[in-house]
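Pasting model-v8.pdb here (PDB, C-alpha atoms):
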ATOM      1  CA  MET Y   1       0.000   0.000   0.000  1.00  0.00           C
ATOM      2  CA  ALA Y   2       1.353   3.459  -0.851  1.00  0.00           C
ATOM      3  CA  ALA Y   3       2.403   5.801   1.947  1.00  0.00           C
ATOM      4  CA  SER Y   4      -0.527   8.153   1.288  1.00  0.00           C
ATOM      5  CA  GLY Y   5      -2.910   5.205   1.469  1.00  0.00           C
ATOM      6  CA  LYS Y   6      -1.514   4.088   4.815  1.00  0.00           C
ATOM      7  CA  LEU Y   7      -1.851   7.607   6.166  1.00  0.00           C
ATOM      8  CA  SER Y   8      -5.496   7.774   5.107  1.00  0.00           C
ATOM      9  CA  VAL Y   9      -6.165   4.431   6.790  1.00  0.00           C
ATOM     10  CA  LEU Y  10      -4.501   5.699   9.962  1.00  0.00           C
ATOM     11  CA  ALA Y  11      -6.556   8.889   9.908  1.00  0.00           C
ATOM     12  CA  ARG Y  12      -9.746   6.840   9.603  1.00  0.00           C
ATOM     13  CA  GLN Y  13      -8.632   4.640  12.505  1.00  0.00           C
ATOM     14  CA  LEU Y  14      -7.896   7.651  14.677  1.00  0.00           C
ATOM     15  CA  SER Y  15     -11.003   9.595  13.707  1.00  0.00           C
ATOM     16  CA  THR Y  16     -14.246   9.079  15.599  1.00  0.00           C
ATOM     17  CA  SER Y  17     -16.177  10.960  12.922  1.00  0.00           C
ATOM     18  CA  SER Y  18     -17.511   9.275   9.789  1.00  0.00           C
ATOM     19  CA  ALA Y  19     -18.311  12.607   8.128  1.00  0.00           C
ATOM     20  CA  THR Y  20     -15.190  12.513   6.016  1.00  0.00           C
ATOM     21  CA  ALA Y  21     -12.038  10.454   5.692  1.00  0.00           C
ATOM     22  CA  GLN Y  22     -10.117  13.331   4.117  1.00  0.00           C
ATOM     23  CA  LEU Y  23      -7.121  14.536   6.120  1.00  0.00           C
ATOM     24  CA  VAL Y  24      -7.326  18.017   7.614  1.00  0.00           C
ATOM     25  CA  LYS Y  25      -4.058  19.742   6.752  1.00  0.00           C
ATOM     26  CA  PRO Y  26      -2.150  20.923   9.858  1.00  0.00           C
ATOM     27  CA  PRO Y  27      -0.854  24.520  10.079  1.00  0.00           C
ATOM     28  CA  VAL Y  28       2.703  23.211   9.887  1.00  0.00           C
ATOM     29  CA  GLN Y  29       3.964  20.030   8.246  1.00  0.00           C
ATOM     30  CA  ILE Y  30       6.044  17.716  10.451  1.00  0.00           C
ATOM     31  CA  PHE Y  31       8.008  15.060   8.589  1.00  0.00           C
ATOM     32  CA  GLY Y  32       9.135  11.573   9.567  1.00  0.00           C
ATOM     33  CA  LEU Y  33       7.146   8.730  11.132  1.00  0.00           C
ATOM     34  CA  GLU Y  34       6.332  10.736  14.263  1.00  0.00           C
ATOM     35  CA  GLY Y  35       5.178  13.635  12.104  1.00  0.00           C
ATOM     36  CA  ARG Y  36       2.845  11.453  10.050  1.00  0.00           C
ATOM     37  CA  TYR Y  37       1.164  10.053  13.160  1.00  0.00           C
ATOM     38  CA  ALA Y  38       0.919  13.536  14.701  1.00  0.00           C
ATOM     39  CA  CYS Y  39      -0.629  14.977  11.526  1.00  0.00           C
ATOM     40  CA  ALA Y  40      -3.154  12.132  11.373  1.00  0.00           C
ATOM     41  CA  LEU Y  41      -3.993  12.710  15.043  1.00  0.00           C
ATOM     42  CA  TYR Y  42      -4.429  16.444  14.394  1.00  0.00           C
ATOM     43  CA  SER Y  43      -6.827  15.635  11.549  1.00  0.00           C
ATOM     44  CA  ALA Y  44      -8.879  13.285  13.725  1.00  0.00           C
ATOM     45  CA  ALA Y  45      -8.981  15.707  16.658  1.00  0.00           C
ATOM     46  CA  HIS Y  46      -9.827  18.658  14.399  1.00  0.00           C
ATOM     47  CA  LYS Y  47     -12.873  16.861  12.994  1.00  0.00           C
ATOM     48  CA  THR Y  48     -14.278  16.310  16.488  1.00  0.00           C
ATOM     49  CA  LYS Y  49     -13.230  19.754  17.800  1.00  0.00           C
ATOM     50  CA  ALA Y  50     -10.950  18.071  20.337  1.00  0.00           C
ATOM     51  CA  LEU Y  51      -7.567  19.627  19.537  1.00  0.00           C
ATOM     52  CA  GLU Y  52      -7.016  21.098  23.012  1.00  0.00           C
ATOM     53  CA  ALA Y  53      -8.443  18.041  24.795  1.00  0.00           C
ATOM     54  CA  VAL Y  54      -6.034  15.743  22.959  1.00  0.00           C
ATOM     55  CA  GLU Y  55      -3.133  18.098  23.667  1.00  0.00           C
ATOM     56  CA  LYS Y  56      -3.983  18.021  27.382  1.00  0.00           C
ATOM     57  CA  ASP Y  57      -4.153  14.208  27.320  1.00  0.00           C
ATOM     58  CA  LEU Y  58      -0.779  13.928  25.612  1.00  0.00           C
ATOM     59  CA  LYS Y  59       0.987  16.391  27.900  1.00  0.00           C
ATOM     60  CA  GLY Y  60      -0.254  14.526  30.963  1.00  0.00           C
ATOM     61  CA  LEU Y  61       0.764  11.195  29.468  1.00  0.00           C
ATOM     62  CA  GLN Y  62       4.216  12.475  28.509  1.00  0.00           C
ATOM     63  CA  SER Y  63       4.776  13.767  32.030  1.00  0.00           C
ATOM     64  CA  GLN Y  64       3.806  10.377  33.454  1.00  0.00           C
ATOM     65  CA  MET Y  65       6.052   8.555  30.962  1.00  0.00           C
ATOM     66  CA  ARG Y  66       9.034  10.586  32.098  1.00  0.00           C
ATOM     67  CA  SER Y  67       8.369  10.268  35.823  1.00  0.00           C
ATOM     68  CA  ASP Y  68       7.031   6.696  36.150  1.00  0.00           C
ATOM     69  CA  PRO Y  69       9.396   3.844  35.136  1.00  0.00           C
ATOM     70  CA  LYS Y  70       6.514   1.335  35.056  1.00  0.00           C
ATOM     71  CA  VAL Y  71       4.634   3.337  32.431  1.00  0.00           C
ATOM     72  CA  ARG Y  72       7.811   3.802  30.395  1.00  0.00           C
ATOM     73  CA  ASP Y  73       8.594   0.066  30.589  1.00  0.00           C
ATOM     74  CA  LEU Y  74       5.103  -0.867  29.389  1.00  0.00           C
ATOM     75  CA  LEU Y  75       5.548   1.336  26.331  1.00  0.00           C
ATOM     76  CA  ILE Y  76       9.047   0.284  25.253  1.00  0.00           C
ATOM     77  CA  ASN Y  77       9.329  -3.304  26.506  1.00  0.00           C
ATOM     78  CA  PRO Y  78       9.555  -5.463  23.334  1.00  0.00           C
ATOM     79  CA  THR Y  79       8.777  -8.695  25.224  1.00  0.00           C
ATOM     80  CA  ILE Y  80       5.182  -7.620  25.902  1.00  0.00           C
ATOM     81  CA  LYS Y  81       2.935  -8.799  23.070  1.00  0.00           C
ATOM     82  CA  ARG Y  82       1.261  -6.194  20.907  1.00  0.00           C
ATOM     83  CA  ASN Y  83      -2.256  -7.406  21.664  1.00  0.00           C
ATOM     84  CA  VAL Y  84      -1.520  -7.208  25.405  1.00  0.00           C
ATOM     85  CA  LYS Y  85      -0.270  -3.631  25.030  1.00  0.00           C
ATOM     86  CA  ALA Y  86      -3.273  -2.685  22.899  1.00  0.00           C
ATOM     87  CA  ALA Y  87      -5.661  -4.056  25.523  1.00  0.00           C
ATOM     88  CA  ALA Y  88      -3.767  -2.192  28.247  1.00  0.00           C
ATOM     89  CA  MET Y  89      -3.942   1.060  26.275  1.00  0.00           C
ATOM     90  CA  LYS Y  90      -7.703   0.681  25.823  1.00  0.00           C
ATOM     91  CA  GLU Y  91      -8.155   0.044  29.543  1.00  0.00           C
ATOM     92  CA  VAL Y  92      -5.978   2.974  30.586  1.00  0.00           C
ATOM     93  CA  SER Y  93      -7.664   5.334  28.121  1.00  0.00           C
ATOM     94  CA  SER Y  94     -11.076   4.371  29.444  1.00  0.00           C
ATOM     95  CA  ARG Y  95     -10.062   4.585  33.102  1.00  0.00           C
ATOM     96  CA  VAL Y  96      -8.468   8.039  32.892  1.00  0.00           C
ATOM     97  CA  LYS Y  97     -11.117   9.261  30.436  1.00  0.00           C
ATOM     98  CA  PHE Y  98      -8.808  10.170  27.557  1.00  0.00           C
ATOM     99  CA  ASN Y  99     -10.414  11.736  24.512  1.00  0.00           C
ATOM    100  CA  ALA Y 100     -11.431   9.110  21.944  1.00  0.00           C
ATOM    101  CA  ALA Y 101      -8.785  10.305  19.452  1.00  0.00           C
ATOM    102  CA  THR Y 102      -6.065   9.929  22.098  1.00  0.00           C
ATOM    103  CA  GLY Y 103      -7.260   6.443  22.986  1.00  0.00           C
ATOM    104  CA  ASN Y 104      -7.413   5.436  19.334  1.00  0.00           C
ATOM    105  CA  LEU Y 105      -3.855   6.695  18.779  1.00  0.00           C
ATOM    106  CA  LEU Y 106      -2.516   4.629  21.676  1.00  0.00           C
ATOM    107  CA  THR Y 107      -4.309   1.514  20.459  1.00  0.00           C
ATOM    108  CA  VAL Y 108      -3.072   1.931  16.874  1.00  0.00           C
ATOM    109  CA  LEU Y 109       0.509   2.466  18.083  1.00  0.00           C
ATOM    110  CA  ALA Y 110       0.309  -0.627  20.298  1.00  0.00           C
ATOM    111  CA  GLU Y 111      -1.080  -2.766  17.476  1.00  0.00           C
ATOM    112  CA  ASN Y 112       1.671  -1.547  15.129  1.00  0.00           C
ATOM    113  CA  GLY Y 113       4.456  -2.011  17.684  1.00  0.00           C
ATOM    114  CA  ARG Y 114       5.275   1.693  17.738  1.00  0.00           C
ATOM    115  CA  LEU Y 115       4.518   2.824  21.270  1.00  0.00           C
ATOM    116  CA  GLY Y 116       8.236   3.490  21.654  1.00  0.00           C
ATOM    117  CA  ARG Y 117       7.738   6.423  19.254  1.00  0.00           C
ATOM    118  CA  LEU Y 118       5.054   8.014  21.423  1.00  0.00           C
ATOM    119  CA  ASP Y 119       7.302  10.661  22.993  1.00  0.00           C
ATOM    120  CA  GLY Y 120       8.345  11.916  19.550  1.00  0.00           C
ATOM    121  CA  ILE Y 121       4.742  11.881  18.341  1.00  0.00           C
ATOM    122  CA  ILE Y 122       3.681  13.976  21.334  1.00  0.00           C
ATOM    123  CA  ASN Y 123       6.476  16.459  20.618  1.00  0.00           C
ATOM    124  CA  ALA Y 124       5.369  16.678  16.981  1.00  0.00           C
ATOM    125  CA  TYR Y 125       1.722  17.248  17.980  1.00  0.00           C
ATOM    126  CA  THR Y 126       2.868  19.963  20.410  1.00  0.00           C
ATOM    127  CA  LEU Y 127       4.624  21.747  17.537  1.00  0.00           C
ATOM    128  CA  ILE Y 128       1.480  21.530  15.415  1.00  0.00           C
ATOM    129  CA  MET Y 129      -0.657  22.964  18.210  1.00  0.00           C
ATOM    130  CA  ALA Y 130       1.823  25.782  18.796  1.00  0.00           C
ATOM    131  CA  ALA Y 131       1.504  26.683  15.103  1.00  0.00           C
ATOM    132  CA  GLU Y 132      -2.286  26.444  15.440  1.00  0.00           C
ATOM    133  CA  ARG Y 133      -2.104  29.207  18.065  1.00  0.00           C
ATOM    134  CA  GLY Y 134       0.306  31.306  15.997  1.00  0.00           C
ATOM    135  CA  GLU Y 135       3.249  30.388  18.217  1.00  0.00           C
ATOM    136  CA  VAL Y 136       6.660  29.611  16.753  1.00  0.00           C
ATOM    137  CA  VAL Y 137       8.591  27.159  18.885  1.00  0.00           C
ATOM    138  CA  CYS Y 138      12.242  28.068  19.337  1.00  0.00           C
ATOM    139  CA  GLU Y 139      14.842  26.079  21.237  1.00  0.00           C
ATOM    140  CA  VAL Y 140      18.226  27.580  22.072  1.00  0.00           C
ATOM    141  CA  LYS Y 141      21.108  25.554  23.491  1.00  0.00           C
ATOM    142  CA  THR Y 142      24.090  27.312  25.039  1.00  0.00           C
ATOM    143  CA  ALA Y 143      27.140  26.153  26.974  1.00  0.00           C
ATOM    144  CA  LYS Y 144      26.150  28.393  29.918  1.00  0.00           C
ATOM    145  CA  PRO Y 145      22.738  29.660  31.081  1.00  0.00           C
ATOM    146  CA  LEU Y 146      21.518  32.879  29.467  1.00  0.00           C
ATOM    147  CA  ASP Y 147      21.048  35.851  31.765  1.00  0.00           C
ATOM    148  CA  ASP Y 148      17.921  38.030  31.484  1.00  0.00           C
ATOM    149  CA  GLY Y 149      19.620  40.574  29.244  1.00  0.00           C
ATOM    150  CA  GLN Y 150      20.930  37.926  26.842  1.00  0.00           C
ATOM    151  CA  ARG Y 151      17.532  36.218  26.692  1.00  0.00           C
ATOM    152  CA  LYS Y 152      15.722  39.478  25.874  1.00  0.00           C
ATOM    153  CA  GLN Y 153      18.322  40.340  23.230  1.00  0.00           C
ATOM    154  CA  LEU Y 154      17.955  36.890  21.675  1.00  0.00           C
ATOM    155  CA  GLU Y 155      14.137  37.058  21.681  1.00  0.00           C
ATOM    156  CA  SER Y 156      14.301  40.448  19.978  1.00  0.00           C
ATOM    157  CA  ALA Y 157      16.596  39.085  17.255  1.00  0.00           C
ATOM    158  CA  LEU Y 158      14.464  35.979  16.710  1.00  0.00           C
ATOM    159  CA  LYS Y 159      11.289  38.040  16.241  1.00  0.00           C
ATOM    160  CA  ALA Y 160      12.687  39.081  12.871  1.00  0.00           C
ATOM    161  CA  PHE Y 161      11.839  35.563  11.657  1.00  0.00           C
ATOM    162  CA  LEU Y 162       8.173  35.875  12.664  1.00  0.00           C
ATOM    163  CA  LYS Y 163       5.112  36.938  10.734  1.00  0.00           C
ATOM    164  CA  PRO Y 164       2.950  39.784  12.129  1.00  0.00           C
ATOM    165  CA  ASN Y 165       0.396  37.419  13.732  1.00  0.00           C
ATOM    166  CA  GLN Y 166       2.974  35.102  15.317  1.00  0.00           C
ATOM    167  CA  SER Y 167       4.543  34.999  18.764  1.00  0.00           C
ATOM    168  CA  ILE Y 168       7.663  33.200  19.911  1.00  0.00           C
ATOM    169  CA  GLN Y 169       7.789  30.352  22.423  1.00  0.00           C
ATOM    170  CA  LEU Y 170      11.406  30.228  23.545  1.00  0.00           C
ATOM    171  CA  THR Y 171      12.970  27.357  25.455  1.00  0.00           C
ATOM    172  CA  ALA Y 172      16.558  27.716  26.639  1.00  0.00           C
ATOM    173  CA  LYS Y 173      18.671  24.651  27.448  1.00  0.00           C
ATOM    174  CA  VAL Y 174      22.222  24.283  28.690  1.00  0.00           C
ATOM    175  CA  ASP Y 175      24.688  21.876  27.085  1.00  0.00           C
ATOM    176  CA  PRO Y 176      28.285  22.326  28.372  1.00  0.00           C
ATOM    177  CA  SER Y 177      29.601  20.141  25.522  1.00  0.00           C
ATOM    178  CA  LEU Y 178      28.988  23.059  23.135  1.00  0.00           C
ATOM    179  CA  ILE Y 179      31.957  24.854  24.811  1.00  0.00           C
ATOM    180  CA  GLY Y 180      30.650  28.217  23.575  1.00  0.00           C
ATOM    181  CA  GLY Y 181      28.274  29.822  21.084  1.00  0.00           C
ATOM    182  CA  MET Y 182      24.780  28.411  20.602  1.00  0.00           C
ATOM    183  CA  ILE Y 183      22.513  26.128  18.610  1.00  0.00           C
ATOM    184  CA  VAL Y 184      19.220  27.686  17.532  1.00  0.00           C
ATOM    185  CA  SER Y 185      16.194  25.786  16.268  1.00  0.00           C
ATOM    186  CA  ILE Y 186      13.233  27.956  15.231  1.00  0.00           C
ATOM    187  CA  GLY Y 187      10.329  26.422  13.363  1.00  0.00           C
ATOM    188  CA  ASP Y 188      11.877  24.303  10.626  1.00  0.00           C
ATOM    189  CA  LYS Y 189      15.167  26.248  10.677  1.00  0.00           C
ATOM    190  CA  TYR Y 190      18.293  24.981  12.439  1.00  0.00           C
ATOM    191  CA  VAL Y 191      21.534  26.907  12.933  1.00  0.00           C
ATOM    192  CA  ASP Y 192      24.604  25.501  14.710  1.00  0.00           C
ATOM    193  CA  MET Y 193      26.858  28.356  15.867  1.00  0.00           C
ATOM    194  CA  SER Y 194      28.579  26.400  18.646  1.00  0.00           C
ATOM    195  CA  VAL Y 195      32.321  26.301  19.219  1.00  0.00           C
ATOM    196  CA  ALA Y 196      32.130  22.489  19.353  1.00  0.00           C
ATOM    197  CA  SER Y 197      30.794  22.293  15.786  1.00  0.00           C
ATOM    198  CA  LYS Y 198      33.586  24.568  14.535  1.00  0.00           C
ATOM    199  CA  ILE Y 199      36.218  22.426  16.272  1.00  0.00           C
ATOM    200  CA  LYS Y 200      34.740  19.297  14.709  1.00  0.00           C
ATOM    201  CA  LYS Y 201      34.731  20.943  11.273  1.00  0.00           C
ATOM    202  CA  TYR Y 202      38.395  21.869  11.496  1.00  0.00           C
ATOM    203  CA  THR Y 203      39.302  18.474  12.984  1.00  0.00           C
ATOM    204  CA  ASP Y 204      37.610  16.732  10.048  1.00  0.00           C
ATOM    205  CA  ILE Y 205      39.530  18.921   7.607  1.00  0.00           C
ATOM    206  CA  ILE Y 206      42.855  18.187   9.322  1.00  0.00           C
ATOM    207  CA  SER Y 207      42.093  14.456   9.542  1.00  0.00           C
ATOM    208  CA  ALA Y 208      41.027  14.130   5.901  1.00  0.00           C
ATOM    209  CA  PRO Y 209      43.523  12.259   3.676  1.00  0.00           C
ATOM    210  CA  VAL Y 210      45.553  14.495   1.386  1.00  0.00           C
TER     211      VAL Y 210
END

Write out the structure in this file as structure tokens.
Amino acid sequence: MAASGKLSVLARQLSTSSATAQLVKPPVQIFGLEGRYACALYSAAHKTKALEAVEKDLKGLQSQMRSDPKVRDLLINPTIKRNVKAAAMKEVSSRVKFNAATGNLLTVLAENGRLGRLDGIINAYTLIMAAERGEVVCEVKTAKPLDDGQRKQLESALKAFLKPNQSIQLTAKVDPSLIGGMIVSIGDKYVDMSVASKIKKYTDIISAPV
């Protein structure tokens, strides 16, 4: 079956509405396997006006995945049979009253042996929802924490990439391995201005055979 056909099947599986099987195009396209699942989930949730409800479900689930080893083990343990995981996902979704689209996603992932991709799918859906609200997600990694003045200066510079109706959602992370400089990811743009990347570049040049 062609990739577009599989995606349509997935959208129908996730959707609780029989009004239409046509995918609703998300405000931003996310690529890769996680992106395809997230886009199909967005389409299903959009049809039932449950975008925010699904986002709330996923954020709560992601928090639990990261804090509870038992939940994480259930999702990634390859020795647990797919049908057992699918049944567990249905039970959990019913017990905690997840939105139907969220529950359907978990069941489909369990049946396809892809629950291990759930964290990435949640991240992709979060990006889609940020775009839905006119927010542009930006992540900045630096070797040392930014002070208030540096953060404000950076936000001001990044606003040049935005459209008039957009706002920026900045997340700053610290990675000492960068040595200096920064790595900026804004929307679908990625710029590596770290000292570590420059050192690697020059090392590769020096190490290359003449």

Spatial neighbours of stretch 133-136 of chain Y, max dist 12 Å, all atoms listed in the file, sep filter under 4 positions, as a list in words:
Pro26, Pro27, Val28, Leu51, Glu52, Thr126, Leu127, Ile128, Met129, Glu155, Leu158, Lys159, Ala160, Phe161, Leu162, Lys163, Pro164, Asn165, Gln166, Ser167, Ile168, Gln169, Leu170, Thr171, Ser185, Ile186, Gly187, Asp188 and Lys189 of chain Y

Return as a PDB file with C-alpha atoms, in the coordinates of the input the set of residues that the PyMOL selection byres ((chain Y and resi 68-75) around 12) yields on the displayed structure.
ATOM      1  CA  GLY Y  60      -0.254  14.526  30.963  1.00  0.00           C
ATOM      2  CA  LEU Y  61       0.764  11.195  29.468  1.00  0.00           C
ATOM      3  CA  GLN Y  62       4.216  12.475  28.509  1.00  0.00           C
ATOM      4  CA  SER Y  63       4.776  13.767  32.030  1.00  0.00           C
ATOM      5  CA  GLN Y  64       3.806  10.377  33.454  1.00  0.00           C
ATOM      6  CA  MET Y  65       6.052   8.555  30.962  1.00  0.00           C
ATOM      7  CA  ARG Y  66       9.034  10.586  32.098  1.00  0.00           C
ATOM      8  CA  SER Y  67       8.369  10.268  35.823  1.00  0.00           C
ATOM      9  CA  ILE Y  76       9.047   0.284  25.253  1.00  0.00           C
ATOM     10  CA  ASN Y  77       9.329  -3.304  26.506  1.00  0.00           C
ATOM     11  CA  PRO Y  78       9.555  -5.463  23.334  1.00  0.00           C
ATOM     12  CA  THR Y  79       8.777  -8.695  25.224  1.00  0.00           C
ATOM     13  CA  ILE Y  80       5.182  -7.620  25.902  1.00  0.00           C
ATOM     14  CA  LYS Y  81       2.935  -8.799  23.070  1.00  0.00           C
ATOM     15  CA  ARG Y  82       1.261  -6.194  20.907  1.00  0.00           C
ATOM     16  CA  VAL Y  84      -1.520  -7.208  25.405  1.00  0.00           C
ATOM     17  CA  LYS Y  85      -0.270  -3.631  25.030  1.00  0.00           C
ATOM     18  CA  ALA Y  86      -3.273  -2.685  22.899  1.00  0.00           C
ATOM     19  CA  ALA Y  87      -5.661  -4.056  25.523  1.00  0.00           C
ATOM     20  CA  ALA Y  88      -3.767  -2.192  28.247  1.00  0.00           C
ATOM     21  CA  MET Y  89      -3.942   1.060  26.275  1.00  0.00           C
ATOM     22  CA  VAL Y  92      -5.978   2.974  30.586  1.00  0.00           C
ATOM     23  CA  LEU Y 106      -2.516   4.629  21.676  1.00  0.00           C
ATOM     24  CA  THR Y 107      -4.309   1.514  20.459  1.00  0.00           C
ATOM     25  CA  LEU Y 109       0.509   2.466  18.083  1.00  0.00           C
ATOM     26  CA  ALA Y 110       0.309  -0.627  20.298  1.00  0.00           C
ATOM     27  CA  GLU Y 111      -1.080  -2.766  17.476  1.00  0.00           C
ATOM     28  CA  GLY Y 113       4.456  -2.011  17.684  1.00  0.00           C
ATOM     29  CA  ARG Y 114       5.275   1.693  17.738  1.00  0.00           C
ATOM     30  CA  LEU Y 115       4.518   2.824  21.270  1.00  0.00           C
ATOM     31  CA  GLY Y 116       8.236   3.490  21.654  1.00  0.00           C
ATOM     32  CA  ARG Y 117       7.738   6.423  19.254  1.00  0.00           C
ATOM     33  CA  LEU Y 118       5.054   8.014  21.423  1.00  0.00           C
ATOM     34  CA  ASP Y 119       7.302  10.661  22.993  1.00  0.00           C
TER      35      ASP Y 119
END

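Applied to the file shown here, the PyMOL selection byres ((chain Y and resi 194) around 9) selects the residues Lys141, Thr142, Ala143, Leu178, Ile179, Gly180, Gly181, Met182, Ile183, Asp192, Met193, Val195, Ala196, Ser197, Lys198 and Ile199 of chain Y.
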
I would like the residues chosen by the PyMOL selection byres ((chain Y and resi 45) around 9) on the shown file; could you give them as a list in words?
Leu14, Ser15, Thr16, Ala40, Leu41, Tyr42, Ser43, Ala44, His46, Lys47, Thr48, Lys49, Ala50, Leu51, Glu52, Ala53, Val54, Asn99, Ala100, Ala101 and Thr102 of chain Y

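Minimum distance to Y:Asp175 across Y:Pro145, Y:Gly103, Y:Gly35, Y:Gly120 (counting all atoms listed in the file) occurs at Y:Pro145.
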
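Taking atom CA of Y:Val174 as the reference point, atom CA of Y:Val140 is found at 8.4 Å.
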
Could you please determine the separation between atom CA of Y:Ile205 and atom CA of Y:Glu139 in Å, to one decimal place?
29.1 Å

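The interatomic distance for the pair atom CA of Y:Cys39 and atom CA of Y:Val96 works out to 23.8 Å.
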
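Taking only C-alpha atoms into account, Y:Leu146 lies nearest to Y:Lys173 out of the set Y:Lys90, Y:Lys97, Y:Lys173, Y:Lys201.
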